[in-house]
Every structure is written in structure tokens, then in C-alpha cells.
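Structure file final.txt (compact mmCIF, C-alpha atoms) follows.
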```
# COMPACT_ATOMS: atom_id res chain seq x y z
CA MET Q 1 -23.24 -28.33 -30.73
CA SER Q 2 -20.41 -26.31 -32.33
CA GLY Q 3 -19.61 -24.80 -28.90
CA ALA Q 4 -19.06 -28.28 -27.50
CA VAL Q 5 -16.88 -29.56 -30.34
CA ALA Q 6 -13.95 -27.26 -29.62
CA PRO Q 7 -13.68 -28.24 -25.94
CA LEU Q 8 -13.98 -31.87 -26.96
CA LYS Q 9 -11.10 -31.60 -29.44
CA ASP Q 10 -8.99 -29.78 -26.84
CA ASN Q 11 -9.61 -32.57 -24.36
CA GLU Q 12 -9.44 -35.70 -26.57
CA LEU Q 13 -6.49 -37.01 -24.57
CA PHE Q 14 -8.39 -36.43 -21.36
CA ILE Q 15 -11.43 -38.35 -22.65
CA SER Q 16 -9.31 -41.25 -23.88
CA VAL Q 17 -7.73 -41.57 -20.45
CA LEU Q 18 -11.16 -41.64 -18.82
CA THR Q 19 -12.49 -44.20 -21.27
CA LYS Q 20 -9.49 -46.50 -21.09
CA PHE Q 21 -9.06 -46.53 -17.31
CA SER Q 22 -12.03 -47.14 -15.03
CA ASN Q 23 -9.87 -47.44 -11.89
CA PRO Q 24 -11.29 -44.97 -9.30
CA LEU Q 25 -7.79 -44.23 -7.98
CA LEU Q 26 -6.66 -43.15 -11.45
CA GLY Q 27 -9.74 -40.95 -11.80
CA ILE Q 28 -8.99 -39.25 -8.50
CA ILE Q 29 -5.38 -38.63 -9.53
CA VAL Q 30 -6.47 -37.19 -12.90
CA GLY Q 31 -8.99 -34.93 -11.11
CA ILE Q 32 -6.33 -33.68 -8.72
CA ALA Q 33 -3.84 -32.99 -11.51
CA TYR Q 34 -6.37 -31.30 -13.79
CA THR Q 35 -7.71 -29.01 -11.04
CA SER Q 36 -4.21 -28.17 -9.84
CA ILE Q 37 -3.29 -26.98 -13.33
CA LEU Q 38 -6.51 -25.00 -13.79
CA GLN Q 39 -6.28 -23.58 -10.22
CA SER Q 40 -10.07 -23.67 -10.04
CA SER Q 41 -12.48 -26.41 -9.00
CA SER Q 42 -15.38 -24.56 -10.66
CA ALA Q 43 -13.54 -24.55 -13.98
CA ALA Q 44 -12.71 -28.25 -13.64
CA VAL Q 45 -16.34 -29.16 -12.92
CA GLY Q 46 -17.43 -26.92 -15.80
CA ILE Q 47 -15.14 -28.76 -18.21
CA LEU Q 48 -16.45 -32.08 -16.93
CA GLN Q 49 -19.99 -30.85 -17.64
CA VAL Q 50 -18.98 -29.90 -21.21
CA LEU Q 51 -17.45 -33.33 -21.70
CA ALA Q 52 -20.66 -34.91 -20.37
CA MET Q 53 -22.53 -33.26 -23.26
CA THR Q 54 -20.68 -35.59 -25.64
CA GLY Q 55 -22.00 -38.68 -23.89
CA ALA Q 56 -18.44 -39.84 -23.12
CA VAL Q 57 -18.68 -39.54 -19.32
CA ARG Q 58 -20.21 -42.31 -17.24
CA PHE Q 59 -21.00 -42.22 -13.52
CA ASP Q 60 -18.03 -44.46 -12.67
CA MET Q 61 -15.74 -41.89 -14.37
CA ALA Q 62 -17.42 -38.77 -12.99
CA LEU Q 63 -17.42 -39.70 -9.29
CA PRO Q 64 -13.65 -40.25 -8.85
CA LEU Q 65 -13.00 -37.17 -10.97
CA ILE Q 66 -15.18 -35.05 -8.68
CA MET Q 67 -13.41 -36.53 -5.67
CA GLY Q 68 -10.05 -35.60 -7.19
CA ILE Q 69 -11.31 -32.12 -8.05
CA GLY Q 70 -12.13 -31.61 -4.37
CA ILE Q 71 -8.54 -32.36 -3.36
CA GLY Q 72 -7.08 -30.40 -6.27
CA ALA Q 73 -9.06 -27.34 -5.18
CA SER Q 74 -6.79 -27.19 -2.11
CA VAL Q 75 -3.72 -26.41 -4.22
CA PRO Q 76 -4.41 -22.69 -4.82
CA VAL Q 77 -5.33 -22.34 -1.14
CA LEU Q 78 -2.03 -23.93 -0.11
CA LEU Q 79 -0.10 -21.68 -2.50
CA SER Q 80 -1.78 -18.57 -1.10
CA ALA Q 81 -0.75 -19.66 2.41
CA ILE Q 82 2.96 -19.38 1.57
CA GLY Q 83 4.30 -16.62 3.79
CA ALA Q 84 1.01 -16.45 5.74
CA THR Q 85 0.70 -16.47 9.52
CA THR Q 86 0.54 -19.71 11.47
CA ASP Q 87 -3.25 -19.50 11.59
CA GLY Q 88 -3.36 -18.91 7.83
CA LYS Q 89 -1.23 -21.97 7.16
CA ARG Q 90 -3.35 -24.07 9.50
CA THR Q 91 -6.53 -22.96 7.74
CA ALA Q 92 -5.10 -23.87 4.33
CA LEU Q 93 -3.92 -27.24 5.60
CA ALA Q 94 -7.33 -27.90 7.18
CA TYR Q 95 -8.90 -27.38 3.76
CA LEU Q 96 -6.61 -30.03 2.27
CA THR Q 97 -7.16 -32.38 5.21
CA ILE Q 98 -10.94 -32.14 4.98
CA ASN Q 99 -11.01 -32.83 1.25
CA THR Q 100 -8.54 -35.71 1.51
CA LEU Q 101 -10.33 -37.38 4.42
CA GLY Q 102 -13.61 -36.85 2.59
CA VAL Q 103 -12.30 -38.81 -0.37
CA ILE Q 104 -10.86 -41.57 1.80
CA LEU Q 105 -13.97 -42.08 3.93
CA THR Q 106 -16.66 -41.71 1.26
CA GLY Q 107 -14.61 -43.58 -1.35
CA THR Q 108 -13.94 -46.49 0.99
CA VAL Q 109 -17.59 -46.82 1.96
CA PHE Q 110 -19.03 -46.33 -1.54
CA TYR Q 111 -16.66 -48.61 -3.44
CA GLY Q 112 -16.73 -51.14 -0.63
CA LEU Q 113 -20.52 -51.40 -0.94
CA ASN Q 114 -20.29 -51.45 -4.73
CA SER Q 115 -18.02 -54.49 -4.65
CA PHE Q 116 -20.89 -56.44 -3.06
CA LEU Q 117 -24.01 -54.72 -4.39
CA HIS Q 118 -22.81 -53.82 -7.89
CA PHE Q 119 -24.75 -50.57 -8.21
CA PRO Q 120 -26.66 -50.53 -11.54
CA PHE Q 121 -26.10 -46.79 -12.08
CA MET Q 122 -22.31 -47.07 -12.34
CA ASN Q 123 -22.50 -47.17 -16.17
CA LYS Q 124 -25.14 -44.45 -16.39
CA ILE Q 125 -24.26 -41.72 -18.92
CA MET Q 126 -23.90 -38.34 -17.22
CA THR Q 127 -25.36 -35.03 -18.40
CA MET Q 128 -24.52 -31.48 -17.42
CA MET Q 129 -27.29 -31.53 -14.81
CA THR Q 130 -26.34 -34.88 -13.29
CA VAL Q 131 -22.67 -33.85 -13.06
CA ALA Q 132 -23.67 -30.70 -11.19
CA ALA Q 133 -26.01 -32.69 -8.93
CA LEU Q 134 -23.35 -35.33 -8.22
CA ASN Q 135 -20.82 -32.64 -7.30
CA SER Q 136 -23.27 -30.97 -4.90
CA ILE Q 137 -24.38 -34.26 -3.32
CA TYR Q 138 -20.78 -35.43 -2.85
CA ARG Q 139 -19.76 -32.19 -1.11
CA LEU Q 140 -22.84 -32.32 1.13
CA VAL Q 141 -22.04 -35.90 2.13
CA VAL Q 142 -18.45 -34.89 3.03
CA VAL Q 143 -19.74 -32.08 5.23
CA ILE Q 144 -22.20 -34.38 7.01
CA VAL Q 145 -19.57 -37.08 7.56
CA LEU Q 146 -16.76 -34.78 8.77
CA PHE Q 147 -18.69 -32.16 10.75
CA PRO Q 148 -18.68 -34.23 13.99
CA LEU Q 149 -14.89 -34.48 13.65
CA HIS Q 150 -14.19 -30.72 13.46
CA ARG Q 151 -12.25 -30.66 16.76
CA GLN Q 152 -10.03 -33.54 15.65
CA LEU Q 153 -9.41 -31.82 12.29
CA GLU Q 154 -8.40 -28.63 14.11
CA ALA Q 155 -6.01 -30.61 16.31
CA ILE Q 156 -4.45 -32.26 13.24
CA SER Q 157 -3.77 -28.86 11.64
CA ALA Q 158 -2.27 -27.52 14.86
CA ARG Q 159 0.00 -30.53 15.14
CA LEU Q 160 1.11 -30.39 11.51
CA VAL Q 161 1.78 -26.62 11.65
CA PRO Q 162 3.17 -25.86 15.11
CA SER Q 163 4.03 -22.33 16.17
CA ASP Q 164 7.55 -21.44 15.09
CA SER Q 165 8.30 -19.93 18.46
CA LYS Q 166 6.48 -18.33 21.34
CA SER Q 167 7.61 -14.86 20.35
CA LYS Q 168 6.78 -15.19 16.67
CA SER Q 169 3.40 -16.74 17.41
CA GLU Q 170 2.44 -13.87 19.67
CA LEU Q 171 3.63 -11.26 17.20
CA GLU Q 172 1.33 -12.88 14.64
CA GLN Q 173 -1.67 -12.34 16.89
CA LEU Q 174 -2.01 -8.60 16.26
CA LYS Q 175 -5.57 -7.70 15.41
CA PRO Q 176 -5.94 -7.27 11.63
CA LEU Q 177 -6.26 -3.92 9.89
CA GLU Q 178 -7.39 -4.82 6.39
CA GLU Q 179 -6.44 -2.26 3.75
CA ARG Q 180 -9.48 -3.15 1.64
CA PHE Q 181 -11.74 -1.75 4.40
CA VAL Q 182 -10.10 1.69 4.49
CA ASN Q 183 -12.81 3.12 2.24
CA TYR Q 184 -15.56 1.60 4.40
CA PRO Q 185 -15.32 3.69 7.61
CA ALA Q 186 -17.72 1.60 9.70
CA LEU Q 187 -15.69 -1.57 9.12
CA ALA Q 188 -12.33 0.20 9.35
CA ILE Q 189 -13.17 1.91 12.65
CA GLU Q 190 -14.42 -1.33 14.17
CA GLN Q 191 -11.11 -2.98 13.24
CA CYS Q 192 -9.25 -0.09 14.86
CA ARG Q 193 -11.39 -0.39 17.98
CA ASN Q 194 -10.52 -4.08 18.36
CA ALA Q 195 -6.83 -3.41 17.74
CA ILE Q 196 -6.52 -0.49 20.15
CA ASN Q 197 -8.44 -2.36 22.85
CA ASP Q 198 -5.95 -5.20 22.51
CA MET Q 199 -3.10 -2.69 22.59
CA ALA Q 200 -4.50 -1.14 25.79
CA ASN Q 201 -4.87 -4.47 27.57
CA ARG Q 202 -1.35 -5.50 26.56
CA ALA Q 203 0.01 -2.22 27.98
CA LYS Q 204 -1.73 -3.02 31.25
CA GLU Q 205 -0.31 -6.56 31.21
CA ASN Q 206 3.17 -5.20 30.61
CA LEU Q 207 2.92 -2.81 33.53
CA PHE Q 208 1.71 -5.48 35.92
CA ILE Q 209 4.53 -7.82 34.90
CA SER Q 210 6.99 -5.01 35.64
CA PHE Q 211 5.43 -4.50 39.07
CA GLY Q 212 6.12 -8.16 39.77
CA LEU Q 213 9.74 -7.80 38.61
CA LEU Q 214 10.34 -5.03 41.15
CA HIS Q 215 9.58 -7.53 43.93
CA ASN Q 216 10.96 -10.70 42.36
CA PHE Q 217 13.17 -10.46 39.29
CA VAL Q 218 12.67 -13.32 36.81
CA GLN Q 219 14.58 -13.20 33.52
CA GLU Q 220 11.76 -14.83 31.54
CA ASN Q 221 9.29 -12.17 32.71
CA TYR Q 222 11.81 -9.44 31.91
CA GLU Q 223 12.08 -10.75 28.34
CA ARG Q 224 8.31 -10.90 28.07
CA VAL Q 225 8.10 -7.19 28.88
CA GLN Q 226 10.38 -6.49 25.92
CA LEU Q 227 8.25 -8.72 23.66
CA ILE Q 228 4.99 -7.01 24.61
CA GLU Q 229 6.64 -3.61 24.10
CA ASP Q 230 7.55 -4.71 20.56
CA ILE Q 231 3.94 -5.73 19.92
CA ILE Q 232 2.62 -2.41 21.23
CA ASP Q 233 5.10 -0.44 19.11
CA ARG Q 234 3.84 -2.29 16.04
CA TYR Q 235 0.28 -1.49 17.00
CA GLU Q 236 1.08 2.21 17.34
CA ASP Q 237 2.72 2.37 13.90
CA ARG Q 238 -0.02 0.42 12.15
CA LEU Q 239 -2.92 2.17 13.88
CA GLY Q 240 -1.54 5.66 13.30
CA THR Q 241 -1.05 5.05 9.58
CA TYR Q 242 -4.37 3.27 9.16
CA LEU Q 243 -6.41 5.90 11.02
CA LEU Q 244 -4.96 8.70 8.92
CA LYS Q 245 -6.10 6.85 5.80
CA VAL Q 246 -9.58 6.41 7.28
CA THR Q 247 -9.92 10.12 8.08
CA LYS Q 248 -9.62 10.94 4.37
CA ASN Q 249 -13.14 9.55 3.91
CA GLU Q 250 -16.32 11.46 4.62
CA LEU Q 251 -17.13 10.46 8.20
CA SER Q 252 -20.21 10.84 10.37
CA ASP Q 253 -20.00 12.78 13.65
CA GLU Q 254 -19.76 9.53 15.61
CA GLN Q 255 -17.01 8.22 13.33
CA ASN Q 256 -15.07 11.48 13.64
CA GLU Q 257 -15.33 11.20 17.41
CA SER Q 258 -14.03 7.62 17.38
CA THR Q 259 -11.07 8.34 15.09
CA GLY Q 260 -10.20 11.45 17.10
CA LYS Q 261 -10.25 9.50 20.35
CA PHE Q 262 -8.14 6.72 18.88
CA LEU Q 263 -5.54 9.10 17.42
CA HIS Q 264 -5.23 10.93 20.75
CA THR Q 265 -4.87 7.80 22.88
CA ILE Q 266 -2.68 5.32 20.99
CA THR Q 267 0.44 7.27 21.98
CA ASP Q 268 -0.61 7.22 25.65
CA PHE Q 269 -1.02 3.44 25.64
CA GLU Q 270 2.38 3.10 23.97
CA ARG Q 271 3.95 5.40 26.56
CA ILE Q 272 2.46 3.39 29.44
CA SER Q 273 4.21 0.36 28.01
CA ASP Q 274 7.43 2.38 27.64
CA HIS Q 275 7.32 3.18 31.35
CA ALA Q 276 6.69 -0.50 32.07
CA VAL Q 277 9.96 -1.21 30.23
CA ASN Q 278 11.68 1.47 32.35
CA LEU Q 279 10.40 -0.22 35.49
CA SER Q 280 11.68 -3.60 34.25
CA GLU Q 281 15.10 -2.01 33.72
CA ALA Q 282 14.98 -0.60 37.26
CA ALA Q 283 14.07 -4.07 38.54
CA LYS Q 284 17.03 -5.55 36.67
CA GLU Q 285 19.36 -2.95 38.16
CA ILE Q 286 18.04 -3.67 41.66
CA HIS Q 287 18.61 -7.39 41.10
CA GLU Q 288 22.09 -7.13 39.56
CA LYS Q 289 23.44 -4.50 41.97
CA GLU Q 290 21.69 -6.08 44.96
CA ILE Q 291 20.14 -2.75 45.91
CA ILE Q 292 18.12 -2.92 49.11
CA PHE Q 293 15.36 -0.51 50.11
CA SER Q 294 14.44 0.16 53.70
CA ASP Q 295 11.23 -1.39 55.02
CA ASP Q 296 9.57 2.05 55.04
CA ALA Q 297 10.57 2.68 51.43
CA LYS Q 298 9.23 -0.74 50.36
CA HIS Q 299 5.94 -0.09 52.15
CA GLU Q 300 5.51 3.36 50.63
CA LEU Q 301 6.37 2.16 47.12
CA ARG Q 302 3.82 -0.60 47.44
CA ILE Q 303 1.10 1.93 48.31
CA VAL Q 304 1.87 4.10 45.28
CA GLU Q 305 2.19 0.99 43.08
CA ASN Q 306 -1.32 -0.07 44.11
CA ALA Q 307 -2.65 3.40 43.29
CA VAL Q 308 -0.97 3.30 39.87
CA ALA Q 309 -2.35 -0.18 39.23
CA GLU Q 310 -5.84 1.12 40.00
CA ILE Q 311 -5.62 4.21 37.82
CA VAL Q 312 -4.37 2.14 34.86
CA THR Q 313 -7.17 -0.39 35.36
CA ILE Q 314 -9.79 2.36 35.59
CA ALA Q 315 -8.50 4.24 32.53
CA ILE Q 316 -8.30 1.13 30.33
CA ASP Q 317 -11.65 -0.28 31.47
CA ALA Q 318 -13.25 3.11 30.85
CA PHE Q 319 -11.72 3.29 27.38
CA VAL Q 320 -12.53 -0.27 26.31
CA ASN Q 321 -16.14 0.02 27.54
CA ASN Q 322 -16.50 3.69 26.57
CA ASP Q 323 -17.61 4.38 30.16
CA LEU Q 324 -17.50 8.16 30.65
CA GLN Q 325 -18.65 7.94 34.26
CA LEU Q 326 -15.73 5.64 35.09
CA ALA Q 327 -13.36 7.98 33.23
CA GLU Q 328 -14.28 10.78 35.65
CA LYS Q 329 -12.54 8.84 38.43
CA VAL Q 330 -9.15 9.11 36.76
CA GLU Q 331 -8.25 12.78 37.25
CA PRO Q 332 -8.74 12.82 41.06
CA LEU Q 333 -6.58 9.70 41.42
CA GLU Q 334 -3.91 11.20 39.13
CA GLU Q 335 -3.66 14.25 41.40
CA LEU Q 336 -3.37 12.02 44.48
CA ILE Q 337 -0.59 9.95 42.86
CA ASP Q 338 1.35 13.14 42.10
CA ASN Q 339 1.00 14.12 45.76
CA LEU Q 340 2.06 10.67 46.97
CA CYS Q 341 5.16 10.64 44.76
CA GLY Q 342 6.18 14.08 46.03
CA GLU Q 343 5.66 12.91 49.58
CA LEU Q 344 7.78 9.79 49.03
CA LYS Q 345 10.65 11.85 47.64
CA LEU Q 346 10.62 14.04 50.73
CA HIS Q 347 10.58 10.97 52.97
CA HIS Q 348 13.55 9.53 51.14
CA VAL Q 349 15.55 12.75 51.60
CA GLN Q 350 14.84 12.51 55.29
CA ARG Q 351 15.96 8.86 55.39
CA LEU Q 352 19.18 9.83 53.63
CA LYS Q 353 19.87 12.39 56.32
CA ASN Q 354 19.23 9.75 58.95
CA GLY Q 355 21.51 7.24 57.19
CA VAL Q 356 18.71 4.74 56.69
CA CYS Q 357 18.88 4.68 52.86
CA SER Q 358 21.82 4.81 50.43
CA PHE Q 359 22.35 7.17 47.50
CA ASN Q 360 22.25 4.24 45.06
CA SER Q 361 18.81 3.15 46.24
CA GLY Q 362 17.74 6.78 46.09
CA PHE Q 363 18.52 7.12 42.40
CA VAL Q 364 16.52 3.99 41.53
CA LEU Q 365 13.63 4.98 43.79
CA ASN Q 366 13.47 8.42 42.17
CA ASP Q 367 13.37 6.83 38.69
CA ILE Q 368 10.56 4.50 39.75
CA LEU Q 369 8.51 7.38 41.19
CA ASN Q 370 9.00 9.43 38.03
CA ASP Q 371 7.68 6.53 35.97
CA TYR Q 372 4.68 6.20 38.30
CA GLU Q 373 3.89 9.90 37.85
CA ARG Q 374 4.20 9.72 34.07
CA ILE Q 375 1.97 6.62 33.91
CA ALA Q 376 -0.72 8.45 35.89
CA ASP Q 377 -0.38 11.42 33.53
CA HIS Q 378 -0.99 9.21 30.49
CA CYS Q 379 -4.03 7.69 32.18
CA SER Q 380 -5.31 11.23 32.71
CA ASN Q 381 -4.76 11.97 29.01
CA ILE Q 382 -6.82 8.92 28.05
CA ALA Q 383 -9.72 9.91 30.30
CA VAL Q 384 -9.58 13.53 29.16
CA SER Q 385 -9.67 12.42 25.52
CA MET Q 386 -12.80 10.41 26.15
CA ILE Q 387 -14.68 13.14 27.98
CA ALA Q 388 -13.47 16.24 26.15
CA LEU Q 389 -14.20 14.74 22.74
CA GLU Q 390 -17.86 14.62 23.68
CA SER Q 391 -17.85 18.38 23.04
CA ASP Q 392 -17.26 20.06 19.68
CA SER Q 393 -13.72 21.15 20.58
CA PHE Q 394 -10.83 19.27 22.07
CA ASP Q 395 -9.43 21.40 24.91
CA THR Q 396 -7.78 19.31 27.61
CA HIS Q 397 -6.77 22.25 29.79
CA LYS Q 398 -10.32 23.59 29.79
CA TYR Q 399 -11.63 20.19 30.83
CA ILE Q 400 -9.11 19.73 33.65
CA ASP Q 401 -9.80 23.24 34.97
CA SER Q 402 -13.53 22.57 34.91
CA MET Q 403 -13.03 19.29 36.76
CA LYS Q 404 -11.05 20.99 39.53
CA GLN Q 405 -13.76 23.65 39.83
CA LEU Q 406 -16.20 20.86 40.67
CA LYS Q 407 -14.26 19.70 43.75
CA SER Q 408 -17.28 20.27 45.91
CA GLU Q 409 -19.08 17.54 43.94
CA THR Q 410 -17.77 14.59 41.92
CA TYR Q 411 -14.08 15.46 41.89
CA ALA Q 412 -13.89 16.05 45.64
CA LYS Q 413 -15.85 12.88 46.34
CA TYR Q 414 -13.45 10.66 44.41
CA PHE Q 415 -10.35 12.46 45.65
CA ASP Q 416 -11.47 11.98 49.24
CA GLU Q 417 -12.11 8.27 48.64
CA TYR Q 418 -8.64 7.73 47.20
CA SER Q 419 -6.99 9.81 49.95
CA ARG Q 420 -8.44 7.49 52.57
CA LYS Q 421 -7.54 4.38 50.57
CA TYR Q 422 -3.90 5.26 49.84
CA VAL Q 423 -2.36 6.69 52.99
CA ILE Q 424 1.34 7.02 53.75
CA GLN Q 425 2.14 7.40 57.43
CA ASN Q 426 4.62 10.15 58.32
```

Can you present the structure in this file as C-alpha cells?
Amino acid sequence: MSGAVAPLKDNELFISVLTKFSNPLLGIIVGIAYTSILQSSSAAVGILQVLAMTGAVRFDMALPLIMGIGIGASVPVLLSAIGATTDGKRTALAYLTINTLGVILTGTVFYGLNSFLHFPFMNKIMTMMTVAALNSIYRLVVVIVLFPLHRQLEAISARLVPSDSKSKSELEQLKPLEERFVNYPALAIEQCRNAINDMANRAKENLFISFGLLHNFVQENYERVQLIEDIIDRYEDRLGTYLLKVTKNELSDEQNESTGKFLHTITDFERISDHAVNLSEAAKEIHEKEIIFSDDAKHELRIVENAVAEIVTIAIDAFVNNDLQLAEKVEPLEELIDNLCGELKLHHVQRLKNGVCSFNSGFVLNDILNDYERIADHCSNIAVSMIALESDSFDTHKYIDSMKQLKSETYAKYFDEYSRKYVIQN
């Protein structure tokens, strides 16, 4: 009993408060305050169990205290959410909301029934075991009562913690790269895979928005291109640093292959987004300077644009799904796009000679075609990284040369398909 005397002496004031006031509301408030100070619901329940050893705690004291401890346990969670993302703040607030509603609903029902039925166990002396059992039963009841309301609880948190702004909310949605997983390669690489897949799809989204701007300039869409570019830049910085930390571990062959592929491709996805920004700038210049292309130029640009859209879609789908067979389609289409861009430049020179197009439109058109070529090049790099890394050495030139030597088979088949699909009439 000597171990229990010291806690009792340290908590004499606490016991006197419990003994003097049997008001459930006061008990809840004391439980909240005590747990908030201790910053631990387990510690608060533990102290209540020690106090129960003295025989000073009755059921009618213990229940409101346990209710208050549940709410007080939300305090450290709320404190940890300071400076957190919107989702983090909503999660912390949901914890408080659940515990508070649990107290309100269960307390109202229990004490409402007690006012009529006068439960005989209210004055029962609690022990360590019964305190623990009461705590567990109470929490189980709260879960059962509130589980059907989980959608409403989520909506309450979303309403109480709205997104600060569209831009900030989206910037908060970057896939996490937890530092504590750096020394666990399997977990770290899976995080990187999710992040780089998101980065790749955002690069594709950015490019397609820029395509739309070339045909119909909308300021809101132009600003979105800049926002997505900011997100992708952040991904590149974070992924590059994180992957280098991961490579310091002892990795399996498969893990080495994954990290190598990721390190080789993150720059290509970032560069695709960079070219999307360039295209958005070209679209803005066309809009502000009222530059007009000839009907032939518009038609030809649309054909190349469709080819670029396809190569980006193929490269990203191949990467995300690790589809090597799909990746083999990229290099033939990249060569065709280079040919188409060269052909368009020659056509434009001829239109200049004929007085159909202006020099101003020519400069913009040339910039657009250069961006199309570079985008196709980066798609080629992504596909090459996937296929070449299957071998022991990473030699892109060797792979490309070997692909072109197979023109009688796979390469020639795909190149012929694309040549028939994307045709520019002379």
C-alpha cells in the first residue's frame, strides 16, 4: 500500500473535489482539465485507477471523469495540428468532435434514464479493474453510437476547417515522403512511386491545359498551368533529395532498378511541364498580339499536337503501369514527330514566300514546334529509361541504335502505323 499512499497525498485536492461535488458536469470539466495538463489520457486513467485503490472513487464520480478524459485527450492532438496541412487540422478537429459528441449523446441518454430509474450501481465503489472496464465500455459505446454518423462528422470537420485557398489546398496535396521511412527501402520506394506517378500525371494535365490555351486563351487556365508547374518543381526537389538518401541503404536488385528509373525520369517529367509553361506563354502572346495563323498552319499544328498528346499519354501510361511493351511504342512516334516538325517548318517558309503567313506568326510557330520536339524527346528518355534499365548497364544510345536496327519488326510496324495516322498534306 505504500506505493498508493504517495499518489494519494499528491492528489488530495483532486479527491476532495470529487467527493464534494457529484455533479456530472463538474466531473467532466475536471477530467478535461486534468487530462489536458497531463497531455495523456492513459496517464489520467492510470491515476484514476490508483485513486480507486483507496476506495474514494464511486461510479458516479468515475463515469463523468472518464467522459472528460476522452475530450481532454484531444488537446495534444489539436496542439500537434498547429501548422499542419488542412487535412491534418481536419483530422485533429474530427477527434475532438467525436469525443465531444460522444459525451453529449451518451451522457444525455445515461443521466436521463438515471433520473427516472435511479440506477443502484451509481454509488458502487470502483476498483482498478472496474475503472479499466468502464473506460473500455464507454469508448466502445461511443464508437457504436457515432459510427453510422461518420459522413456527417467528416462534413462538420470540412466545414469548420475550409481550405485556405484553391492554390494552397492543391499545394498541400503532394504525396508524402516520410523521412522516418528512409531507412526502410521497401516503404520509401513505394512512397516515391506514388509521388512520381502523381508528378507524371500532373505534367500531362499541364500539357493538355496548354494545348487548350493555344486554341482558346483563358486567364484562369493560364494561371493553373503556373500552379501545376510549381507543384511539379516541388516534387522534383523533394524526390531527388529523398531518393539519394534511399540509395545509401543496401538495396535489392529490384529496388536499385526502381530508384535508378525514378532518378532518371523525374527531370523528364519536370521538363515536360516546363514546355507546357512555354506553350502557355506562346498562347498568351498569340492572344495579346492577336496573332493569326493561316488555316493550313492551324491544321498542321493540330496534327502534330495530337501526335504529341499521344506520345505523352503512351509514355506516362507505360511508366505508371510499368508496361515495357507499351514503352516500345514511344521511340517510333518520337522519330515521326521530329519529321513532322521539320516538315511544318519547311511549309511555313514556303507560306512566307507566298505571303500567306507573317514573320510574327512564324516566330511563335517555330517556338511551338521546338517545344513539341523537346516534349517528344523527353518522352523518349522516359521509355528508354524503363527498357534500358532492364539490363545491367544504362546505355541509352545503345538501346536507341538497337531499336532502329529492328525496323523490319516492331519499330517499323509502329512507325508505319503512326505515319498513316498523322499525315500532313503537301

Q.
Which residues are near stretch 209-226 of chain Q? Cut-off 12 Å, only C-alpha atoms, ignore same chain within fewer than 4 positions. Put them as a PyMOL selection string.
A. chain Q and resi 166-167+170-171+202-205+230-233+272-288+290-293+298-299+301-302+304-306+308-309+364-365+368+371-372

Just need the box for stretch 190-194 of chain Q, edges along x, y and z, holding every atom the file lists for it with 5 Å tacked onto each side, so centre and edge lengths in Å to one decimal, as lines of an AutoDock Vina configuration file.
```
center_x = -11.8
center_y = -2.1
center_z = 15.8
size_x = 15.2
size_y = 14.0
size_z = 15.1
```

| query | Contacts of stretch 127-143 of chain Q at 7 Å or less, counting all atoms listed in the file, minus same-chain residues fewer than 2 places along, as a VMD selection string? | reply | chain Q and resid 49 to 50 52 to 53 66 102 125 145 to 147

Around (21.5, 0.7, 54.8) in the file's own coordinates, what residues are found within 8 Å if you use only C-alpha atoms, given back as a PyMOL selection string? chain Q and resi 292-294+355-358

Of Q:Gly55, Q:Pro185, Q:Pro176, Q:Gly31, the one sitting nearest Q:Leu239 when using only C-alpha atoms is Q:Pro176

Between atom CA of Q:Pro64 and atom CA of Q:Arg90 lies a distance of 26.5 Å

Point (-5.4, 8.6, 5.6), cut-off 12 Å, counting all atoms listed in the file, residues as a ChimeraX atom specification:
/Q:179,182-183,185,188,238-250,259,263

Just write the chosen residues, C-alpha atoms, as a CSV table (one decimal), in the coordinates of the input.
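Result file is part21.csv:
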```csv
chain,number,residue,atom,x,y,z
Q,179,GLU,CA,-6.4,-2.3,3.8
Q,182,VAL,CA,-10.1,1.7,4.5
Q,183,ASN,CA,-12.8,3.1,2.2
Q,185,PRO,CA,-15.3,3.7,7.6
Q,188,ALA,CA,-12.3,0.2,9.4
Q,238,ARG,CA,0.0,0.4,12.2
Q,239,LEU,CA,-2.9,2.2,13.9
Q,240,GLY,CA,-1.5,5.7,13.3
Q,241,THR,CA,-1.0,5.0,9.6
Q,242,TYR,CA,-4.4,3.3,9.2
Q,243,LEU,CA,-6.4,5.9,11.0
Q,244,LEU,CA,-5.0,8.7,8.9
Q,245,LYS,CA,-6.1,6.8,5.8
Q,246,VAL,CA,-9.6,6.4,7.3
Q,247,THR,CA,-9.9,10.1,8.1
Q,248,LYS,CA,-9.6,10.9,4.4
Q,249,ASN,CA,-13.1,9.6,3.9
Q,250,GLU,CA,-16.3,11.5,4.6
Q,259,THR,CA,-11.1,8.3,15.1
Q,263,LEU,CA,-5.5,9.1,17.4
```

Across Q:Val330, Q:Ala155, Q:Leu79, Q:Val103, the smallest distance to Q:Ala383, with all atoms listed in the file counted, is shown by Q:Val330

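The coordinates place atom CA of Q:Ile32 at 25.9 Å from atom CA of Q:Pro148.
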
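For the pair atom CA of Q:Thr410 and atom CA of Q:Asn370, the interatomic distance is 27.5 Å.
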
Tell me, as a VMD selection string, which residues lie within 10 Å of Q:Gly107, counting all atoms listed in the file; anything in the same chain fewer than 6 positions away does not count. chain Q and resid 24 to 25 63 to 64 67 101 113

Could you name the residues that touch Q:Leu344 at 10 Å or less, counting all atoms listed in the file, but leaving out those on the same chain fewer than 4 positions away, as a list in words? Asp296, Ala297, Glu300, Leu301, Val304, Asn339, Leu340, His348, Val349, Gln350, Leu365, Asn366, Leu369, Ile424 and Asn426 of chain Q
